[in-house]
Structures are given as structure tokens and as C-alpha cells.
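Structure file start.pdb (PDB, C-alpha atoms and all ligand atoms) is printed below.
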```pdb
ATOM      1  CA  MET K   1      89.540 109.573 115.366
ATOM      2  CA  SER K   2      89.712 111.267 111.993
ATOM      3  CA  THR K   3      89.750 114.973 111.439
ATOM      4  CA  ARG K   4      88.633 117.036 108.478
ATOM      5  CA  ALA K   5      90.421 120.170 107.391
ATOM      6  CA  GLU K   6      88.241 121.070 104.480
ATOM      7  CA  VAL K   7      89.160 124.724 104.082
ATOM      8  CA  GLY K   8      92.860 123.975 103.847
ATOM      9  CA  LEU K   9      92.269 120.859 101.793
ATOM     10  CA  THR K  10      90.060 122.670  99.336
ATOM     11  CA  ASN K  11      92.609 125.419  98.851
ATOM     12  CA  ALA K  12      95.546 123.127  98.268
ATOM     13  CA  SER K  13      93.734 120.453  96.319
ATOM     14  CA  SER K  14      91.774 122.740  94.035
ATOM     15  CA  ALA K  15      94.824 124.771  93.078
ATOM     16  CA  GLY K  16      96.065 121.993  90.788
ATOM     17  CA  ASN K  17      99.756 122.368  90.098
ATOM     18  CA  ALA K  18      99.766 126.001  89.039
ATOM     19  CA  PRO K  19     103.459 126.909  88.729
ATOM     20  CA  SER K  20     103.044 130.314  90.359
ATOM     21  CA  ALA K  21     101.273 128.861  93.394
ATOM     22  CA  GLY K  22     103.967 126.286  94.095
ATOM     23  CA  VAL K  23     103.252 122.600  94.600
ATOM     24  CA  PRO K  24     100.097 121.940  96.684
ATOM     25  CA  PHE K  25     100.599 119.561  99.594
ATOM     26  CA  LEU K  26      98.828 118.281 102.691
ATOM     27  CA  LYS K  27     100.233 116.654 105.798
ATOM     28  CA  GLY K  28      98.508 113.665 107.357
ATOM     29  CA  HIS K  29      99.085 110.576 109.423
ATOM     30  CA  GLY K  30      97.644 107.178 110.273
ATOM     31  CA  THR K  31      98.567 106.121 113.832
ATOM     32  CA  GLU K  32     101.453 108.615 113.574
ATOM     33  CA  ASN K  33     102.943 107.066 110.449
ATOM     34  CA  ASP K  34     103.138 110.460 108.742
ATOM     35  CA  PHE K  35     102.958 111.475 105.115
ATOM     36  CA  VAL K  36     103.140 114.427 102.788
ATOM     37  CA  LEU K  37     100.264 114.118 100.324
ATOM     38  CA  LEU K  38     100.770 115.534  96.820
ATOM     39  CA  PRO K  39      97.383 115.805  95.054
ATOM     40  CA  ASP K  40      97.974 115.668  91.310
ATOM     41  CA  PRO K  41      94.628 115.390  89.492
ATOM     42  CA  SER K  42      96.232 115.940  86.069
ATOM     43  CA  GLY K  43      99.010 113.393  86.664
ATOM     44  CA  LEU K  44     101.624 115.848  85.420
ATOM     45  CA  LEU K  45     103.741 116.164  88.571
ATOM     46  CA  GLN K  46     107.243 114.727  88.093
ATOM     47  CA  ILE K  47     108.800 113.681  91.421
ATOM     48  CA  SER K  48     112.473 112.778  91.725
ATOM     49  CA  GLU K  49     114.076 110.703  94.495
ATOM     50  CA  ALA K  50     115.955 113.820  95.595
ATOM     51  CA  GLN K  51     112.692 115.772  95.940
ATOM     52  CA  VAL K  52     111.157 112.986  98.047
ATOM     53  CA  ARG K  53     114.207 112.995 100.346
ATOM     54  CA  ALA K  54     114.145 116.804 100.612
ATOM     55  CA  VAL K  55     110.399 117.008 101.401
ATOM     56  CA  CYS K  56     110.583 114.162 103.965
ATOM     57  CA  ASP K  57     113.639 115.626 105.725
ATOM     58  CA  ARG K  58     112.540 116.405 109.306
ATOM     59  CA  HIS K  59     114.900 119.363 109.683
ATOM     60  CA  ALA K  60     115.248 120.950 106.239
ATOM     61  CA  GLY K  61     111.936 119.829 104.693
ATOM     62  CA  ILE K  62     108.311 119.298 105.767
ATOM     63  CA  GLY K  63     109.196 115.996 107.438
ATOM     64  CA  ALA K  64     107.466 112.648 106.870
ATOM     65  CA  ASP K  65     107.937 108.882 106.685
ATOM     66  CA  GLY K  66     106.874 108.978 103.051
ATOM     67  CA  ILE K  67     105.078 110.685 100.178
ATOM     68  CA  VAL K  68     101.568 109.812  99.010
ATOM     69  CA  HIS K  69     101.319 111.077  95.434
ATOM     70  CA  ILE K  70      97.622 111.076  94.482
ATOM     71  CA  ALA K  71      97.532 110.581  90.721
ATOM     72  CA  PRO K  72      95.031 109.413  88.114
ATOM     73  CA  GLY K  73      95.348 105.693  87.338
ATOM     74  CA  ALA K  74      95.241 104.044  83.919
ATOM     75  CA  ASP K  75      91.834 102.475  84.619
ATOM     76  CA  GLY K  76      89.970 105.630  85.695
ATOM     77  CA  ALA K  77      90.507 104.918  89.409
ATOM     78  CA  PHE K  78      92.911 107.039  91.476
ATOM     79  CA  PHE K  79      96.438 105.693  91.973
ATOM     80  CA  MET K  80      98.418 105.841  95.221
ATOM     81  CA  ASP K  81     102.020 106.376  94.111
ATOM     82  CA  TYR K  82     103.855 105.716  97.396
ATOM     83  CA  ARG K  83     107.472 106.741  98.042
ATOM     84  CA  ASN K  84     109.543 106.001 101.138
ATOM     85  CA  ALA K  85     111.428 108.857 102.836
ATOM     86  CA  ASP K  86     114.712 107.707 101.218
ATOM     87  CA  GLY K  87     113.141 108.175  97.770
ATOM     88  CA  SER K  88     112.567 104.468  97.045
ATOM     89  CA  LEU K  89     109.273 103.220  95.587
ATOM     90  CA  ALA K  90     107.041 100.872  97.598
ATOM     91  CA  GLU K  91     104.314  98.555  96.386
ATOM     92  CA  MET K  92     101.829  99.426  99.101
ATOM     93  CA  CYS K  93     101.328 101.414 102.310
ATOM     94  CA  GLY K  94      98.402 100.548 104.583
ATOM     95  CA  ASN K  95      98.434 103.676 106.737
ATOM     96  CA  GLY K  96      99.083 105.868 103.705
ATOM     97  CA  ALA K  97      96.144 104.222 101.923
ATOM     98  CA  ARG K  98      93.753 105.247 104.725
ATOM     99  CA  VAL K  99      94.944 108.865 104.577
ATOM    100  CA  PHE K 100      94.817 108.827 100.737
ATOM    101  CA  ALA K 101      91.211 107.540 100.868
ATOM    102  CA  ARG K 102      90.229 110.094 103.530
ATOM    103  CA  PHE K 103      91.623 112.868 101.308
ATOM    104  CA  LEU K 104      89.566 111.726  98.297
ATOM    105  CA  VAL K 105      86.314 111.755 100.298
ATOM    106  CA  ASP K 106      86.902 114.905 102.374
ATOM    107  CA  ASN K 107      87.662 116.826  99.196
ATOM    108  CA  ARG K 108      84.750 115.331  97.286
ATOM    109  CA  TRP K 109      86.958 113.826  94.618
ATOM    110  CA  LEU K 110      84.882 110.698  95.422
ATOM    111  CA  PRO K 111      81.693 110.188  97.475
ATOM    112  CA  ALA K 112      81.873 108.489 100.866
ATOM    113  CA  GLY K 113      81.390 104.725 100.686
ATOM    114  CA  GLU K 114      83.398 102.033  98.964
ATOM    115  CA  PHE K 115      85.771 102.469  96.029
ATOM    116  CA  SER K 116      88.796 100.854  94.384
ATOM    117  CA  PHE K 117      92.181 102.452  93.854
ATOM    118  CA  GLY K 118      95.464 101.435  92.297
ATOM    119  CA  THR K 119      98.828 100.750  93.964
ATOM    120  CA  ARG K 120     102.061  99.216  92.646
ATOM    121  CA  GLY K 121     100.996  96.091  94.536
ATOM    122  CA  GLY K 122      97.681  95.884  92.671
ATOM    123  CA  THR K 123      94.131  97.151  93.094
ATOM    124  CA  ARG K 124      92.806  97.692  96.636
ATOM    125  CA  ARG K 125      89.421  98.754  98.035
ATOM    126  CA  ALA K 126      88.678 101.469 100.595
ATOM    127  CA  ILE K 127      85.601 101.834 102.791
ATOM    128  CA  VAL K 128      85.352 105.460 103.862
ATOM    129  CA  PRO K 129      82.522 106.876 105.983
ATOM    130  CA  ASP K 130      81.803 110.632 106.014
ATOM    131  CA  ALA K 131      83.893 110.857 109.181
ATOM    132  CA  GLY K 132      85.827 108.448 111.350
ATOM    133  CA  ASP K 133      88.028 105.435 110.821
ATOM    134  CA  VAL K 134      88.844 104.151 107.341
ATOM    135  CA  THR K 135      88.998 100.476 106.325
ATOM    136  CA  ILE K 136      91.229  99.149 103.554
ATOM    137  CA  SER K 137      90.778  95.733 102.007
ATOM    138  CA  MET K 138      94.448  94.816 101.777
ATOM    139  CA  GLY K 139      94.507  92.260  98.961
ATOM    140  CA  PRO K 140      96.264  88.893  99.039
ATOM    141  CA  VAL K 141      98.490  88.144 102.041
ATOM    142  CA  THR K 142     100.926  85.238 101.719
ATOM    143  CA  LEU K 143     102.863  83.513 104.478
ATOM    144  CA  GLY K 144     106.418  82.729 103.390
ATOM    145  CA  VAL K 145     109.442  80.909 104.693
ATOM    146  CA  ALA K 146     110.894  80.875 108.187
ATOM    147  CA  SER K 147     113.831  83.273 108.494
ATOM    148  CA  ARG K 148     115.850  85.135 111.141
ATOM    149  CA  VAL K 149     116.611  88.720 112.118
ATOM    150  CA  ARG K 150     119.423  90.132 114.264
ATOM    151  CA  ALA K 151     118.877  93.218 116.406
ATOM    152  CA  SER K 152     120.409  94.855 119.481
ATOM    153  CA  LEU K 153     118.919  95.628 122.855
ATOM    154  CA  LEU K 154     119.422  99.032 124.491
ATOM    155  CA  SER K 155     121.856  97.233 126.806
ATOM    156  CA  GLY K 156     124.058  96.519 123.776
ATOM    157  CA  GLN K 157     123.346  92.789 123.752
ATOM    158  CA  ASN K 158     122.884  91.354 120.233
ATOM    159  CA  LEU K 159     120.065  88.877 119.700
ATOM    160  CA  GLU K 160     118.846  86.677 116.882
ATOM    161  CA  PHE K 161     115.070  86.318 116.561
ATOM    162  CA  PRO K 162     113.294  83.631 114.532
ATOM    163  CA  GLY K 163     110.681  85.104 112.203
ATOM    164  CA  THR K 164     108.344  84.443 109.295
ATOM    165  CA  ALA K 165     108.254  86.111 105.900
ATOM    166  CA  VAL K 166     104.859  87.587 105.008
ATOM    167  CA  ASP K 167     103.986  89.224 101.688
ATOM    168  CA  VAL K 168     101.329  91.958 101.898
ATOM    169  CA  GLY K 169     102.119  93.252  98.419
ATOM    170  CA  ASN K 170     105.334  94.488 100.049
ATOM    171  CA  PRO K 171     107.790  92.278 101.976
ATOM    172  CA  HIS K 172     107.690  91.762 105.748
ATOM    173  CA  LEU K 173     109.551  89.682 108.321
ATOM    174  CA  VAL K 174     107.563  89.138 111.525
ATOM    175  CA  ALA K 175     109.360  88.073 114.708
ATOM    176  CA  ILE K 176     107.045  87.161 117.588
ATOM    177  CA  THR K 177     109.148  87.124 120.728
ATOM    178  CA  ASP K 178     109.083  86.881 124.529
ATOM    179  CA  TRP K 179     111.880  89.485 124.730
ATOM    180  CA  ASP K 180     110.467  92.875 125.786
ATOM    181  CA  ILE K 181     110.299  94.838 122.518
ATOM    182  CA  THR K 182     110.507  98.155 124.396
ATOM    183  CA  GLN K 183     114.131  97.199 125.084
ATOM    184  CA  LEU K 184     115.121  96.993 121.406
ATOM    185  CA  ASP K 185     117.493  99.576 119.991
ATOM    186  CA  LEU K 186     115.941 100.299 116.592
ATOM    187  CA  THR K 187     118.126 103.339 115.938
ATOM    188  CA  ARG K 188     120.347 100.703 114.338
ATOM    189  CA  ALA K 189     119.080  98.691 111.366
ATOM    190  CA  PRO K 190     118.383  95.023 112.182
ATOM    191  CA  SER K 191     120.101  92.576 109.849
ATOM    192  CA  TYR K 192     118.280  89.922 107.850
ATOM    193  CA  ASP K 193     118.946  87.268 105.220
ATOM    194  CA  GLN K 194     119.383  89.156 101.952
ATOM    195  CA  GLN K 195     118.918  85.981  99.948
ATOM    196  CA  VAL K 196     115.385  85.634 101.327
ATOM    197  CA  PHE K 197     114.671  89.371 100.926
ATOM    198  CA  PRO K 198     116.692  90.579  97.900
ATOM    199  CA  SER K 199     114.612  93.787  97.631
ATOM    200  CA  GLY K 200     114.831  94.609 101.346
ATOM    201  CA  VAL K 201     112.177  94.012 103.986
ATOM    202  CA  ASN K 202     110.048  95.717 106.636
ATOM    203  CA  ILE K 203     110.716  94.065 110.004
ATOM    204  CA  GLU K 204     108.161  93.744 112.814
ATOM    205  CA  PHE K 205     108.984  92.708 116.401
ATOM    206  CA  VAL K 206     105.924  91.528 118.306
ATOM    207  CA  ASN K 207     104.907  90.867 121.921
ATOM    208  CA  ILE K 208     101.634  89.073 122.621
ATOM    209  CA  ARG K 209      99.601  91.184 125.060
ATOM    210  CA  GLY K 210      96.454  89.079 125.498
ATOM    211  CA  VAL K 211      93.937  87.052 123.543
ATOM    212  CA  ASP K 212      94.112  88.395 119.971
ATOM    213  CA  ALA K 213      95.930  91.523 121.162
ATOM    214  CA  VAL K 214      99.539  92.179 120.196
ATOM    215  CA  GLN K 215     102.020  95.046 120.399
ATOM    216  CA  MET K 216     104.615  95.666 117.707
ATOM    217  CA  ARG K 217     107.534  97.835 116.741
ATOM    218  CA  VAL K 218     108.623  98.172 113.139
ATOM    219  CA  PHE K 219     111.783  98.989 111.246
ATOM    220  CA  GLU K 220     110.580 100.065 107.816
ATOM    221  CA  ARG K 221     112.456  99.528 104.582
ATOM    222  CA  GLY K 222     113.430 102.928 103.187
ATOM    223  CA  VAL K 223     112.749 104.818 106.427
ATOM    224  CA  GLY K 224     113.961 103.310 109.739
ATOM    225  CA  GLU K 225     111.846 102.883 112.841
ATOM    226  CA  THR K 226     108.391 104.420 112.353
ATOM    227  CA  ARG K 227     105.527 104.780 114.833
ATOM    228  CA  ALA K 228     103.288 102.460 112.799
ATOM    229  CA  CYS K 229     103.123 100.441 109.586
ATOM    230  CA  GLY K 230      99.719  99.366 108.254
ATOM    231  CA  THR K 231     100.928  96.576 105.988
ATOM    232  CA  GLY K 232     103.099  95.521 108.944
ATOM    233  CA  THR K 233     100.069  95.218 111.235
ATOM    234  CA  VAL K 234      98.417  92.949 108.660
ATOM    235  CA  ALA K 235     101.574  90.823 108.350
ATOM    236  CA  VAL K 236     101.699  90.554 112.150
ATOM    237  CA  ALA K 237      98.023  89.558 112.432
ATOM    238  CA  VAL K 238      98.420  86.812 109.815
ATOM    239  CA  ALA K 239     101.637  85.488 111.396
ATOM    240  CA  TYR K 240     100.055  85.597 114.874
ATOM    241  CA  LEU K 241      96.990  83.656 113.703
ATOM    242  CA  ALA K 242      99.159  81.101 111.887
ATOM    243  CA  ALA K 243     101.219  80.577 115.048
ATOM    244  CA  SER K 244      98.025  79.533 116.824
ATOM    245  CA  GLY K 245      96.846  77.357 113.917
ATOM    246  CA  ARG K 246      94.185  79.789 112.703
ATOM    247  CA  THR K 247      93.498  81.584 109.436
ATOM    248  CA  GLU K 248      90.695  83.926 110.571
ATOM    249  CA  GLY K 249      90.161  86.357 113.411
ATOM    250  CA  LEU K 250      90.009  89.969 114.572
ATOM    251  CA  ILE K 251      93.320  91.125 116.016
ATOM    252  CA  VAL K 252      93.997  94.392 117.859
ATOM    253  CA  VAL K 253      97.474  95.544 116.958
ATOM    254  CA  GLY K 254      99.115  98.185 119.144
ATOM    255  CA  VAL K 255     101.855 100.347 117.644
ATOM    256  CA  LEU K 256     103.825 103.281 119.068
ATOM    257  CA  GLY K 257     101.324 105.701 117.498
ATOM    258  CA  GLY K 258      98.057 104.076 118.606
ATOM    259  CA  GLN K 259      96.216 100.942 117.571
ATOM    260  CA  VAL K 260      94.433  99.431 114.572
ATOM    261  CA  HIS K 261      92.124  96.483 114.010
ATOM    262  CA  VAL K 262      92.975  93.774 111.495
ATOM    263  CA  ARG K 263      90.234  91.365 110.486
ATOM    264  CA  ILE K 264      91.126  88.280 108.468
ATOM    265  CA  GLU K 265      88.077  86.632 106.998
ATOM    266  CA  ALA K 266      87.460  84.379 103.983
ATOM    267  CA  GLY K 267      91.017  84.875 102.741
ATOM    268  CA  GLU K 268      90.830  88.689 102.828
ATOM    269  CA  ALA K 269      92.524  91.108 105.254
ATOM    270  CA  TYR K 270      90.779  94.309 106.371
ATOM    271  CA  LEU K 271      92.768  97.063 108.098
ATOM    272  CA  THR K 272      90.741  99.620 110.070
ATOM    273  CA  GLY K 273      92.182 102.670 111.778
ATOM    274  CA  PRO K 274      92.372 106.440 111.952
ATOM    275  CA  ALA K 275      93.276 108.731 109.076
ATOM    276  CA  VAL K 276      94.083 112.307 109.996
ATOM    277  CA  ILE K 277      94.826 115.273 107.765
ATOM    278  CA  MET K 278      96.018 118.227 109.782
ATOM    279  CA  SER K 279      97.451 120.859 107.469
ATOM    280  CA  SER K 280      97.936 121.980 103.902
ATOM    281  CA  GLY K 281      99.839 124.549 101.893
ATOM    282  CA  PHE K 282     102.204 124.995  98.992
ATOM    283  CA  ILE K 283     105.796 123.911  98.541
ATOM    284  CA  ASP K 284     107.774 126.853  97.276
ATOM    285  CA  ARG K 285     108.302 126.355  93.536
ATOM    286  CA  GLU K 286     111.948 127.529  93.564
ATOM    287  CA  TRP K 287     112.770 125.196  96.479
ATOM    288  CA  TRP K 288     111.057 122.290  94.681
ATOM    289  CA  ASP K 289     112.954 122.986  91.440
ATOM    290  CA  LEU K 290     116.233 123.338  93.330
ATOM    291  CA  HIS K 291     115.888 119.767  94.629
ATOM    292  CA  ARG K 292     115.030 118.242  91.254
TER     293      ARG K 292
HETATM  294  N1  LIG G 301     104.227 102.553 106.329
HETATM  295  C1  LIG G 301     103.661 101.753 105.326
HETATM  296  C2  LIG G 301     104.577 100.913 104.500
HETATM  297  C3  LIG G 301     105.425 101.801 103.584
HETATM  298  C4  LIG G 301     106.265 101.036 102.600
HETATM  299  C5  LIG G 301     107.362 100.236 103.238
HETATM  300  N2  LIG G 301     108.323 101.052 103.947
HETATM  301  C6  LIG G 301     108.054  99.409 102.148
HETATM  302  O1  LIG G 301     109.107  99.829 101.639
HETATM  303  O2  LIG G 301     107.534  98.353 101.789
HETATM  304  C7  LIG G 301     102.384 101.055 105.770
HETATM  305  O3  LIG G 301     101.643 101.680 106.554
HETATM  306  O4  LIG G 301     102.077  99.975 105.290
END
```
Exercise: express the given structure as C-alpha cells:
Amino acid sequence: MSTRAEVGLTNASSAGNAPSAGVPFLKGHGTENDFVLLPDPSGLLQISEAQVRAVCDRHAGIGADGIVHIAPGADGAFFMDYRNADGSLAEMCGNGARVFARFLVDNRWLPAGEFSFGTRGGTRRAIVPDAGDVTISMGPVTLGVASRVRASLLSGQNLEFPGTAVDVGNPHLVAITDWDITQLDLTRAPSYDQQVFPSGVNIEFVNIRGVDAVQMRVFERGVGETRACGTGTVAVAVAYLAASGRTEGLIVVGVLGGQVHVRIEAGEAYLTGPAVIMSSGFIDREWWDLHR
């Protein structure tokens, strides 16, 4: 289910980046993958790695898995400038893209319907009704080489899982396993082959739950374990289909924060799920400048 918070959104998003008012922000999530949104219609907001880390800090900041900076793009479309909680840049974020698109429609920056937007991973399309779930057309998805990932169980046992590299604009390693993924200890980073993934990787562990229904946990590059990863659900759906010799289908992917639907059809991947914006306000200007 999606929620609208138009009064708060209007206040924060229409204030621009007036220095006296502080930096306008909103807080949202997609299947509990949570984000601080920074609407920046003029494209003048400078954001440092330190500021991203400070804002995303769950004790001393607002707290989030990442920042969705909503900026004008070079081609007249809006640009989703995505930053991980550790300050690193990412090519794409599927859950963030749904929340970004919901923001644009709820605040009437764009009409409901279908529109394109930019990401570091290339142009994507959003389908956004007046209310309810948002669909993102996720661009090219490429299956890569077989690889391996090492992770620990809560019992302390170390395991090696076979997996498959999948490129969804950003890098993923999908391990479909019969081991119970609820027993994984993802407070510790899994290890992977750095020669296969020189820029790091998002790692998904998957149990098959039924026909075209899977459950996953994810350890995200630049964050740690999160409650969902949209690009990860697409990587999982493609790897799952490939494992059963298929290239098309509708897969229900369960994550810790809910579930999404991934449809693969005619070489395109569509991610559908909730996009919730629950609050808005201003980041204190002195605090923001202090963390520059
Ligand atoms: N949570 C995102 C993915 C965010 C970027 C990722 N951590 C990376 O570094 O590639 C999603 O919903 O796709």
C-alpha cells in the first residue's frame, strides 16, 4: 500500500533549498528499504560523502539505508542521484526508484502515468498511478558468471554457497540454496571473489518457497543487511528463472520488509511494489554545514 503525505510533502518540496529554512527532506521506504529524499529542483545542492553518512546514521542522524537526491537531469527528465548509507554512489536502486517516482507524482512535479527518469545506470521508466503500487521498468538485466560466496550461520558454522552474477545496472551475486536463510548471520559481511566483483557486489541468499515464489535476504554493498533490495529482487527473479530453463515469468519475491512482484517479459524486467512517504521536514542548516 502506498501513502500520500501531501501537506508535509508540499511544505518541504516547495521550499526549494532556501538557506534559512534548512535543507528540505522527506523520509520514505519501499518494502522497508528506507531512504531520505532530498528534493533539489534547481540542482544546486552539493552533497558530500560525510553528509550522506551523517544523515543516514540511525542514532545521530535521520537514519536510512540511502539517500535519494531528486535532481534535474541533463535531458529535461528528473535524475535519481542515489547514494548508499556509507556515502558511496550506486548506479541504480529499485526500491528507491519507486519512492522517487511516487514523490514526483504526489507533489505534482509530474502527472500520474508513465515517465522516464535518469540514473547512473541509464534511463529507466516508471508507471505511477494516482495511488497504490509503483512499477519500474528496470532496464537491461544480464546473467553473468558462476561464482561463490562465503557466509556464516548463527550457529557459527561457515558455509560456501554457489551463486550467479547478475547485472541489473548494479552488481549482484545470487545464491539459491536449500540452507534455511533465516539461519544466516548477516551482521557479518559475506565474502566473495573480488576479481569477479572489483567494484563490490550486493549479495542475495534465496530459498524457493513454491512455484514462482521465493524468499530472499540481502547484504547490500555500501550498507549491510537491509530489509529489501529492489534491484536484488530482479536479479533473484532472473537467476531463479534461468535455473529452471526459463527467461520469462512473474515471480513473487518475499523480503524481510514485505513482498514485490517481478515480471520478466520480452527481455524487460518490471518491478512492482509499494512506495511509502511518511514524513518530511528540514535538516538544520548549521548541522548540515558542520558535516560538509
Ligand atoms: N536498495 C537498492 C540498491 C541500492 C544500491 C546498492 N546498495 C548498490 O550499491 O548497488 C535497491 O532497492 O535496488
Produce a table with one row for each residue of chain K that has an atom at most 7 Å from any atom of ligand LIG 301 (chain G), each row naming the nearest atom pair and its distance in Å at one decimal; use only C-alpha atoms and all ligand atoms; arrange rows by chain and rising residue number; format as a Markdown table.
```
| residue | atom | partner | partner_atom | distance |
| --- | --- | --- | --- | --- |
| K:Asn33 | CA | G:LIG301 | N1 | 6.2 |
| K:Asn84 | CA | G:LIG301 | N2 | 5.8 |
| K:Leu89 | CA | G:LIG301 | O1 | 6.9 |
| K:Ala90 | CA | G:LIG301 | O1 | 4.7 |
| K:Glu91 | CA | G:LIG301 | O2 | 6.3 |
| K:Met92 | CA | G:LIG301 | C4 | 5.9 |
| K:Cys93 | CA | G:LIG301 | O4 | 3.4 |
| K:Gly94 | CA | G:LIG301 | O4 | 3.8 |
| K:Asn95 | CA | G:LIG301 | O3 | 3.8 |
| K:Gly96 | CA | G:LIG301 | O3 | 5.7 |
| K:Asn170 | CA | G:LIG301 | O2 | 4.8 |
| K:Pro171 | CA | G:LIG301 | O2 | 6.1 |
| K:Val201 | CA | G:LIG301 | O2 | 6.7 |
| K:Asn202 | CA | G:LIG301 | O2 | 6.1 |
| K:Glu220 | CA | G:LIG301 | N2 | 4.6 |
| K:Arg221 | CA | G:LIG301 | N2 | 4.5 |
| K:Gly222 | CA | G:LIG301 | N2 | 5.5 |
| K:Val223 | CA | G:LIG301 | N2 | 6.3 |
| K:Ala228 | CA | G:LIG301 | O3 | 6.5 |
| K:Cys229 | CA | G:LIG301 | O3 | 3.6 |
| K:Gly230 | CA | G:LIG301 | O3 | 3.5 |
| K:Thr231 | CA | G:LIG301 | O4 | 3.7 |
| K:Gly232 | CA | G:LIG301 | O4 | 5.9 |
```
Per-residue nearest contacts of region 21-85 of chain K to region 254-257 of chain K (9 Å; all atoms listed in the file) as JSON lines:
```
{"residue": "K:Gly30", "atom": "CA", "partner": "K:Gly257", "partner_atom": "CA", "distance": 8.2}
{"residue": "K:Thr31", "atom": "CA", "partner": "K:Gly257", "partner_atom": "CA", "distance": 4.6}
{"residue": "K:Glu32", "atom": "CA", "partner": "K:Gly257", "partner_atom": "CA", "distance": 4.9}
{"residue": "K:Asn33", "atom": "CA", "partner": "K:Gly257", "partner_atom": "CA", "distance": 7.4}
```
Record the distance separating CA of Arg120 (chain K) and CA of Arg188 (chain K), expressed in Å with one decimal.
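These atoms are spaced 28.4 Å apart.
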If I take CA of Pro24 (chain K) and CA of Val55 (chain K), how far is one from the other in Å, to one decimal?
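These two atoms are separated by 12.4 Å.
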Residue list as a list in words for point (90.7, 97.7, 111.8), cut-off 8 Å, all atoms listed in the file:
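Here the neighbourhood of the point contains Thr135, Val252, Val260, His261, Val262, Arg263, Tyr270, Leu271, Thr272 and Gly273 of chain K.
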